[in-house]
Amino acid sequence: MTQSLPPGERYPSFEAFYPYYIHEHSNRTCRRIHVVGSALVIGAALLGLLVNVWWFAAMPLIGYGFAWVGHFFFEKNRPATFKYPLWSLMGDWRMFFETVSGRRRF
């Protein structure tokens, strides 16, 4: 289990934050929705490069849309993005690559 921080304190590093991030994704359905959303973001980036640049505008809508559905409906918590936007984005991609590489259960 992750250590909770006292109110008003922040994680000092991404490495300290990441266990908290993973704990906030304990629900398997939430993690799966994140992974699917991240894969679709990669697809939108490719479509933006190959088909139409407007696909780039869809990337944050797809990524955050999928993630927030996972949090609000399955994990039933508030996304860490609201307090740690950059580290949450980094955590999402780390979790994605750990999952697709087989180091984290899907």
# chains A, B, ... in the order shown; residues from 1 in each chain; ligands from 1

$ residues_around --residues "A:Ser88" --least-positions-apart "6" --cutoff "10 Å" --atoms "only C-alpha atoms" --output "list in words"
Phe14, Phe17, Tyr18, Tyr21, Pro79, Ala80, Thr81, Phe82 and Arg94 of chain A

$ write_last_selection --atoms "C-alpha atoms" --output "short mmCIF file (atom, residue, chain, number, x, y, z; two decimals), in the first residue's frame"
data_model
loop_
_atom_site.label_atom_id
_atom_site.label_comp_id
_atom_site.auth_asym_id
_atom_site.auth_seq_id
_atom_site.Cartn_x
_atom_site.Cartn_y
_atom_site.Cartn_z
CA PHE A 14 8.23 11.10 -9.95
CA PHE A 17 4.79 9.59 -6.92
CA TYR A 18 4.57 6.49 -9.13
CA TYR A 21 -0.23 6.58 -9.16
CA PRO A 79 -7.72 11.48 -11.31
CA ALA A 80 -4.24 12.44 -10.10
CA THR A 81 -4.06 14.64 -13.22
CA PHE A 82 -5.81 17.41 -11.32
CA ARG A 94 4.94 4.18 -17.93
#

$ residues_around --residues "stretch 39-54 of chain A" --least-positions-apart "3" --cutoff "10 Å" --atoms "only C-alpha atoms" --output "ChimeraX atom specification"
/A:33-36,57-64,66,93,96,100

$ select_by_dssp --residues "stretch 40-101 of chain A" --states "helix (DSSP H, G or I)" --output "number ranges by chain"
A: 40-50, 54-75, 80-82, 85-100

$ atom_distance --atom1 "atom CA of A:His25" --atom2 "atom CA of A:His71"
8.0 Å

$ atom_distance --atom1 "atom CA of A:Glu98" --atom2 "atom CA of A:Arg10"
24.8 Å

$ residues_around --residues "stretch 29-31 of chain A" --least-positions-apart "5" --cutoff "7 Å" --atoms "only C-alpha atoms" --output "MDAnalysis selection string"
chainID A and resid 70:71 74:75

$ write_last_selection --atoms "all heavy atoms" --output "PDB file, in the first residue's frame"
ATOM      1  N   GLY A  70     -12.575   5.810 -16.685  1.00  0.00           N
ATOM      2  CA  GLY A  70     -12.067   4.761 -15.807  1.00  0.00           C
ATOM      3  C   GLY A  70     -12.073   5.177 -14.347  1.00  0.00           C
ATOM      4  O   GLY A  70     -12.454   4.401 -13.467  1.00  0.00           O
ATOM      5  N   HIS A  71     -11.675   6.405 -14.082  1.00  0.00           N
ATOM      6  CA  HIS A  71     -11.620   6.879 -12.693  1.00  0.00           C
ATOM      7  C   HIS A  71     -13.004   7.139 -12.111  1.00  0.00           C
ATOM      8  O   HIS A  71     -13.311   6.699 -11.007  1.00  0.00           O
ATOM      9  CB  HIS A  71     -10.765   8.143 -12.583  1.00  0.00           C
ATOM     10  CG  HIS A  71      -9.311   7.844 -12.640  1.00  0.00           C
ATOM     11  ND1 HIS A  71      -8.628   7.287 -11.588  1.00  0.00           N
ATOM     12  CD2 HIS A  71      -8.417   7.989 -13.645  1.00  0.00           C
ATOM     13  CE1 HIS A  71      -7.367   7.107 -11.937  1.00  0.00           C
ATOM     14  NE2 HIS A  71      -7.214   7.520 -13.177  1.00  0.00           N
ATOM     15  N   PHE A  74     -15.298   3.495 -12.558  1.00  0.00           N
ATOM     16  CA  PHE A  74     -14.800   2.197 -12.099  1.00  0.00           C
ATOM     17  C   PHE A  74     -13.906   2.317 -10.870  1.00  0.00           C
ATOM     18  O   PHE A  74     -14.096   1.607  -9.895  1.00  0.00           O
ATOM     19  CB  PHE A  74     -14.065   1.469 -13.230  1.00  0.00           C
ATOM     20  CG  PHE A  74     -14.973   1.138 -14.376  1.00  0.00           C
ATOM     21  CD1 PHE A  74     -15.033   1.953 -15.497  1.00  0.00           C
ATOM     22  CD2 PHE A  74     -15.802   0.036 -14.313  1.00  0.00           C
ATOM     23  CE1 PHE A  74     -15.894   1.670 -16.543  1.00  0.00           C
ATOM     24  CE2 PHE A  74     -16.670  -0.259 -15.356  1.00  0.00           C
ATOM     25  CZ  PHE A  74     -16.714   0.563 -16.473  1.00  0.00           C
ATOM     26  N   GLU A  75     -12.938   3.204 -10.922  1.00  0.00           N
ATOM     27  CA  GLU A  75     -12.045   3.372  -9.777  1.00  0.00           C
ATOM     28  C   GLU A  75     -12.719   4.172  -8.668  1.00  0.00           C
ATOM     29  O   GLU A  75     -12.408   4.019  -7.496  1.00  0.00           O
ATOM     30  CB  GLU A  75     -10.760   4.087 -10.233  1.00  0.00           C
ATOM     31  CG  GLU A  75      -9.619   3.992  -9.261  1.00  0.00           C
ATOM     32  CD  GLU A  75      -8.991   2.624  -9.183  1.00  0.00           C
ATOM     33  OE1 GLU A  75      -8.537   2.089 -10.203  1.00  0.00           O
ATOM     34  OE2 GLU A  75      -8.953   2.081  -8.063  1.00  0.00           O
TER      35      GLU A  75
END

$ closest_residue --among "A:Pro12, A:Glu24, A:Pro6, A:Trp55" --to "A:Arg78" --atoms "only C-alpha atoms"
A:Glu24

$ closest_residue --among "A:Ser38, A:Phe56, A:Ile22, A:Gly65" --to "A:Arg105" --atoms "only C-alpha atoms"
A:Ile22

$ atom_distance --atom1 "atom CA of A:Arg32" --atom2 "atom CA of A:Glu15"
22.4 Å

$ closest_residue --among "A:Met90, A:Trp68, A:Asn27, A:Thr99" --to "A:Ser13" --atoms "only C-alpha atoms"
A:Met90

$ decode --residues "stretch 72-86 of chain A" --atoms "all heavy atoms" --output "compact mmCIF listing (two decimals), in the first residue's frame"
# COMPACT_ATOMS: atom_id res chain seq x y z
N PHE A 72 -13.83 7.86 -12.83
CA PHE A 72 -15.12 8.27 -12.27
C PHE A 72 -16.11 7.11 -12.15
O PHE A 72 -16.88 7.05 -11.20
CB PHE A 72 -15.73 9.40 -13.09
CG PHE A 72 -14.95 10.69 -13.00
CD1 PHE A 72 -14.58 11.37 -14.14
CD2 PHE A 72 -14.57 11.21 -11.77
CE1 PHE A 72 -13.87 12.56 -14.06
CE2 PHE A 72 -13.85 12.39 -11.68
CZ PHE A 72 -13.49 13.07 -12.83
N PHE A 73 -16.08 6.15 -13.09
CA PHE A 73 -17.08 5.09 -13.09
C PHE A 73 -16.59 3.75 -12.52
O PHE A 73 -17.39 2.96 -12.06
CB PHE A 73 -17.62 4.86 -14.51
CG PHE A 73 -18.42 6.04 -15.01
CD1 PHE A 73 -17.87 6.91 -15.93
CD2 PHE A 73 -19.70 6.29 -14.54
CE1 PHE A 73 -18.59 8.01 -16.37
CE2 PHE A 73 -20.42 7.38 -14.98
CZ PHE A 73 -19.87 8.25 -15.90
N PHE A 74 -15.30 3.49 -12.56
CA PHE A 74 -14.80 2.20 -12.10
C PHE A 74 -13.91 2.32 -10.87
O PHE A 74 -14.10 1.61 -9.90
CB PHE A 74 -14.06 1.47 -13.23
CG PHE A 74 -14.97 1.14 -14.38
CD1 PHE A 74 -15.03 1.95 -15.50
CD2 PHE A 74 -15.80 0.04 -14.31
CE1 PHE A 74 -15.89 1.67 -16.54
CE2 PHE A 74 -16.67 -0.26 -15.36
CZ PHE A 74 -16.71 0.56 -16.47
N GLU A 75 -12.94 3.20 -10.92
CA GLU A 75 -12.04 3.37 -9.78
C GLU A 75 -12.72 4.17 -8.67
O GLU A 75 -12.41 4.02 -7.50
CB GLU A 75 -10.76 4.09 -10.23
CG GLU A 75 -9.62 3.99 -9.26
CD GLU A 75 -8.99 2.62 -9.18
OE1 GLU A 75 -8.54 2.09 -10.20
OE2 GLU A 75 -8.95 2.08 -8.06
N LYS A 76 -13.64 5.04 -9.07
CA LYS A 76 -14.39 5.90 -8.15
C LYS A 76 -13.46 6.79 -7.32
O LYS A 76 -13.61 6.93 -6.10
CB LYS A 76 -15.30 5.08 -7.25
CG LYS A 76 -16.24 4.17 -8.03
CD LYS A 76 -17.63 4.22 -7.53
CE LYS A 76 -18.54 3.22 -8.18
NZ LYS A 76 -18.83 3.35 -9.53
N ASN A 77 -12.50 7.39 -8.01
CA ASN A 77 -11.62 8.34 -7.37
C ASN A 77 -11.36 9.52 -8.31
O ASN A 77 -11.80 9.51 -9.45
CB ASN A 77 -10.30 7.69 -6.92
CG ASN A 77 -9.47 7.16 -8.07
OD1 ASN A 77 -9.70 7.46 -9.23
ND2 ASN A 77 -8.49 6.34 -7.75
N ARG A 78 -10.69 10.50 -7.80
CA ARG A 78 -10.39 11.70 -8.59
C ARG A 78 -9.05 11.48 -9.29
O ARG A 78 -8.05 11.14 -8.62
CB ARG A 78 -10.31 12.90 -7.66
CG ARG A 78 -10.14 14.18 -8.38
CD ARG A 78 -10.18 15.34 -7.43
NE ARG A 78 -9.98 16.56 -8.21
CZ ARG A 78 -9.72 17.72 -7.69
NH1 ARG A 78 -9.64 17.85 -6.38
NH2 ARG A 78 -9.54 18.76 -8.46
N PRO A 79 -8.98 11.69 -10.61
CA PRO A 79 -7.72 11.48 -11.31
C PRO A 79 -6.59 12.33 -10.73
O PRO A 79 -6.78 13.50 -10.39
CB PRO A 79 -8.03 11.91 -12.75
CG PRO A 79 -9.51 11.78 -12.87
CD PRO A 79 -10.05 12.10 -11.50
N ALA A 80 -5.42 11.73 -10.62
CA ALA A 80 -4.24 12.44 -10.10
C ALA A 80 -3.84 13.59 -11.03
O ALA A 80 -3.09 14.47 -10.62
CB ALA A 80 -3.08 11.47 -9.92
N THR A 81 -4.35 13.58 -12.24
CA THR A 81 -4.06 14.64 -13.22
C THR A 81 -4.36 16.02 -12.66
O THR A 81 -3.69 16.99 -12.99
CB THR A 81 -4.90 14.42 -14.50
OG1 THR A 81 -4.60 13.14 -15.02
CG2 THR A 81 -4.62 15.47 -15.54
N PHE A 82 -5.39 16.11 -11.83
CA PHE A 82 -5.81 17.41 -11.32
C PHE A 82 -4.76 18.04 -10.40
O PHE A 82 -4.67 19.25 -10.31
CB PHE A 82 -7.15 17.32 -10.61
CG PHE A 82 -8.27 16.88 -11.52
CD1 PHE A 82 -9.18 15.94 -11.11
CD2 PHE A 82 -8.41 17.42 -12.80
CE1 PHE A 82 -10.22 15.53 -11.94
CE2 PHE A 82 -9.43 17.01 -13.64
CZ PHE A 82 -10.34 16.07 -13.21
N LYS A 83 -3.98 17.21 -9.70
CA LYS A 83 -2.97 17.73 -8.79
C LYS A 83 -1.55 17.59 -9.35
O LYS A 83 -0.69 18.41 -9.06
CB LYS A 83 -3.06 17.01 -7.44
CG LYS A 83 -2.21 17.64 -6.38
CD LYS A 83 -2.53 17.10 -5.00
CE LYS A 83 -1.68 17.81 -3.96
NZ LYS A 83 -1.94 17.30 -2.61
N TYR A 84 -1.33 16.56 -10.14
CA TYR A 84 0.00 16.27 -10.70
C TYR A 84 -0.11 16.04 -12.20
O TYR A 84 0.03 14.92 -12.68
CB TYR A 84 0.58 15.00 -10.05
CG TYR A 84 0.83 15.10 -8.57
CD1 TYR A 84 -0.13 14.66 -7.66
CD2 TYR A 84 2.02 15.61 -8.08
CE1 TYR A 84 0.10 14.72 -6.29
CE2 TYR A 84 2.26 15.68 -6.72
CZ TYR A 84 1.29 15.23 -5.82
OH TYR A 84 1.52 15.31 -4.48
N PRO A 85 -0.36 17.08 -13.00
CA PRO A 85 -0.62 16.86 -14.43
C PRO A 85 0.54 16.21 -15.19
O PRO A 85 0.32 15.26 -15.93
CB PRO A 85 -0.94 18.25 -14.96
CG PRO A 85 -0.59 19.22 -13.90
CD PRO A 85 -0.48 18.48 -12.61
N LEU A 86 1.75 16.70 -15.02
CA LEU A 86 2.88 16.14 -15.77
C LEU A 86 3.22 14.73 -15.28
O LEU A 86 3.40 13.81 -16.08
CB LEU A 86 4.10 17.05 -15.67
CG LEU A 86 5.34 16.56 -16.42
CD1 LEU A 86 5.05 16.37 -17.92
CD2 LEU A 86 6.50 17.51 -16.22
